[in-house]
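Chemist: One structure follows; several queries about it will come next.
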Amino acid sequence: SQQGEEDPQALSIQEGENATMNCSYKTSINNLQWYRQNSGRGLVHLILIRSNEREKHSGRLRVTLDTSKKSSSLLITASRAADTASYFCATDANFGNEKLTFGTGTRLTIIP
Amino acid sequence: EPEVTQTPSHQVTQMGQEVILRCVPISNHLYFYWYRQILGQKVEFLVSFYNNEISEKSEIFDDQFSVERPDGSNFTLKIRSTKLEDSAMYFCASNTESFYGYTFGSGTRLTVV
């Protein structure tokens, strides 16, 4: 498998429920980021977690990072219809401003 | 909020033709990138640009590709002789020294026929 694999590939939940997406990666990283992409649109940066951090919060988002397992999770609490999108993790192997390696993405559908 | 602007949003071109995709990064950003996403696939890195030169490029970024920052505001990606497999969404991104995530443009959908 390649650097940055998300699971599940697709997730459908009822509005109001929590959504959890996971990402695994293979090489050492400096930071890991999560992006959202609405259908046919650009990538929107959601949150960045550095390799020396274990958990980070931003509004309804919670990200965890386990560097020993080379994995991260993104939790969206109290989901809304507007959260329907694809979510990608992306890793940066060096100190910032280097290329990002994206995962395969999770397609999240929130059912009203 | 500052944006990265890409034009055109959609371009259709004949195979073998040259295309130029344009981007206006955020004005105080110093690092610039092009990524592409073939339909249904991962977002892939093409090239990074800093201090008026390419800092890194991927295997995808062969001799058919080039980038330029001609006037201090625009950042362009040129594909000299397009192939069918160049059909993809192309994203421009920019970043500052104070790194906190990239700002991506909304993309140019390139269709080669």
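Residue names in the structure tokens use chain letters A, B, ... in the order shown, residue numbers from 1 in each chain, and ligand numbers from 1 in the order shown.
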Given a cut-off of 10 Å, which residues of chain B touch chain A, counting only C-alpha atoms, written out as an MDAnalysis selection string?

Modeler: chainID B and resid 9 30:35 39:50 55:58 89:109

Chemist: I need the residues of chain A that end up classed as strand (DSSP E) by DSSP on the backbone, written out as a PyMOL selection string.

Modeler: chain A and resi 5-7+10-14+19-24+31-37+43-50+55-58+61-66+71-76+85-92+101-102+106-111

Chemist: Give me a file of those residues, with C-alpha atoms, as an mmCIF file, in the first residue's frame.

Modeler:
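Output saved as selection-v4.cif:
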```
data_model
loop_
_atom_site.group_PDB
_atom_site.id
_atom_site.type_symbol
_atom_site.label_atom_id
_atom_site.label_comp_id
_atom_site.auth_asym_id
_atom_site.auth_seq_id
_atom_site.Cartn_x
_atom_site.Cartn_y
_atom_site.Cartn_z
ATOM 1 C CA GLU A 5 -4.216 5.311 3.148
ATOM 2 C CA GLU A 6 -7.525 6.307 4.612
ATOM 3 C CA ASP A 7 -10.208 4.054 5.839
ATOM 4 C CA ALA A 10 -16.705 5.611 2.169
ATOM 5 C CA LEU A 11 -18.784 6.387 5.225
ATOM 6 C CA SER A 12 -22.473 7.265 5.514
ATOM 7 C CA ILE A 13 -23.943 8.426 8.794
ATOM 8 C CA GLN A 14 -27.020 10.222 10.060
ATOM 9 C CA ALA A 19 -17.789 10.507 11.997
ATOM 10 C CA THR A 20 -14.374 8.951 12.418
ATOM 11 C CA MET A 21 -11.886 8.540 9.618
ATOM 12 C CA ASN A 22 -8.483 6.932 9.860
ATOM 13 C CA CYS A 23 -5.248 7.413 8.003
ATOM 14 C CA SER A 24 -2.122 5.302 7.963
ATOM 15 C CA ASN A 31 3.433 16.778 10.350
ATOM 16 C CA LEU A 32 0.134 15.399 9.166
ATOM 17 C CA GLN A 33 -2.697 17.466 7.784
ATOM 18 C CA TRP A 34 -6.316 16.853 6.983
ATOM 19 C CA TYR A 35 -8.065 18.433 4.022
ATOM 20 C CA ARG A 36 -11.653 18.486 2.851
ATOM 21 C CA GLN A 37 -12.725 18.442 -0.762
ATOM 22 C CA LEU A 43 -8.886 21.318 -1.157
ATOM 23 C CA VAL A 44 -9.584 23.111 2.081
ATOM 24 C CA HIS A 45 -7.100 22.822 4.906
ATOM 25 C CA LEU A 46 -8.784 21.665 8.109
ATOM 26 C CA ILE A 47 -6.130 20.976 10.689
ATOM 27 C CA LEU A 48 -2.443 20.237 11.087
ATOM 28 C CA ILE A 49 -0.876 18.095 13.760
ATOM 29 C CA ARG A 50 2.865 17.983 14.273
ATOM 30 C CA GLU A 55 -4.099 15.287 19.843
ATOM 31 C CA LYS A 56 -5.484 18.511 18.512
ATOM 32 C CA HIS A 57 -8.894 20.127 18.453
ATOM 33 C CA SER A 58 -10.460 22.708 16.199
ATOM 34 C CA LEU A 61 -12.781 18.462 14.690
ATOM 35 C CA ARG A 62 -10.499 16.298 16.752
ATOM 36 C CA VAL A 63 -7.332 14.814 15.315
ATOM 37 C CA THR A 64 -5.101 12.236 16.933
ATOM 38 C CA LEU A 65 -1.679 11.104 15.865
ATOM 39 C CA ASP A 66 0.110 7.934 16.878
ATOM 40 C CA SER A 71 -1.649 6.454 12.033
ATOM 41 C CA SER A 72 -4.003 9.354 12.555
ATOM 42 C CA SER A 73 -7.698 9.742 13.023
ATOM 43 C CA LEU A 74 -10.080 12.586 12.287
ATOM 44 C CA LEU A 75 -13.246 12.824 14.327
ATOM 45 C CA ILE A 76 -16.048 15.133 13.287
ATOM 46 C CA ALA A 85 -17.295 15.781 1.292
ATOM 47 C CA SER A 86 -14.140 13.759 0.740
ATOM 48 C CA TYR A 87 -11.531 13.957 3.455
ATOM 49 C CA PHE A 88 -7.849 13.430 2.804
ATOM 50 C CA CYS A 89 -4.879 13.106 5.070
ATOM 51 C CA ALA A 90 -1.581 14.444 3.789
ATOM 52 C CA THR A 91 1.870 13.984 5.238
ATOM 53 C CA ASP A 92 4.894 16.205 5.113
ATOM 54 C CA THR A 101 1.796 13.134 0.078
ATOM 55 C CA PHE A 102 -1.942 12.609 0.035
ATOM 56 C CA THR A 106 -12.684 8.946 2.687
ATOM 57 C CA ARG A 107 -15.953 9.913 1.053
ATOM 58 C CA LEU A 108 -18.241 11.046 3.883
ATOM 59 C CA THR A 109 -21.974 11.336 3.311
ATOM 60 C CA ILE A 110 -24.183 12.855 5.975
ATOM 61 C CA ILE A 111 -27.797 11.768 5.692
#
```

Chemist: Find the distance between atom CA of Gln9 of chain A and atom CA of Asn30 of chain A and write it in Å to one decimal.

Modeler: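 Rounded to one decimal, the two atoms are 24.8 Å apart.
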
Chemist: Work out how far apart atom CA of Gly16 of chain B and atom CA of Arg80 of chain B are and give it in Å to one decimal.

Modeler: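 Taking atom CA of Gly16 of chain B and atom CA of Arg80 of chain B, their separation equals 7.7 Å.
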
Chemist: Hey, can you check how far atom CA of Glu59 of chain B sits from atom CA of Pro25 of chain B?

Modeler: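 Interatomic distance here is 23.9 Å.
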
Chemist: Neighbours of segment 61-77 of chain B within 6 Å (only C-alpha atoms; same-chain residues fewer than 6 positions away dropped), as a list in words?

Modeler: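 What passes the distance filter is Ile20, Leu21, Arg22, Cys23, Val24 and Leu46 of chain B.
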
Chemist: Once you have the residues from the selection above, write them out as a CSV table (one decimal), in the first residue's frame, restricted to N, CA and C atoms.

Modeler:
```
chain,number,residue,atom,x,y,z
B,20,ILE,N,-1.6,26.4,-20.9
B,20,ILE,CA,-1.0,27.2,-19.8
B,20,ILE,C,-2.1,27.3,-18.7
B,21,LEU,N,-1.8,26.8,-17.6
B,21,LEU,CA,-2.8,27.0,-16.4
B,21,LEU,C,-2.2,28.1,-15.5
B,22,ARG,N,-3.1,28.9,-15.1
B,22,ARG,CA,-2.7,30.1,-14.4
B,22,ARG,C,-3.1,30.1,-12.9
B,23,CYS,N,-2.3,30.7,-12.1
B,23,CYS,CA,-2.6,30.8,-10.7
B,23,CYS,C,-2.1,32.1,-10.2
B,24,VAL,N,-2.9,32.7,-9.3
B,24,VAL,CA,-2.4,33.8,-8.5
B,24,VAL,C,-2.3,33.4,-7.1
B,46,LEU,N,3.2,17.6,-8.1
B,46,LEU,CA,3.9,17.8,-9.4
B,46,LEU,C,5.3,18.5,-9.2
```
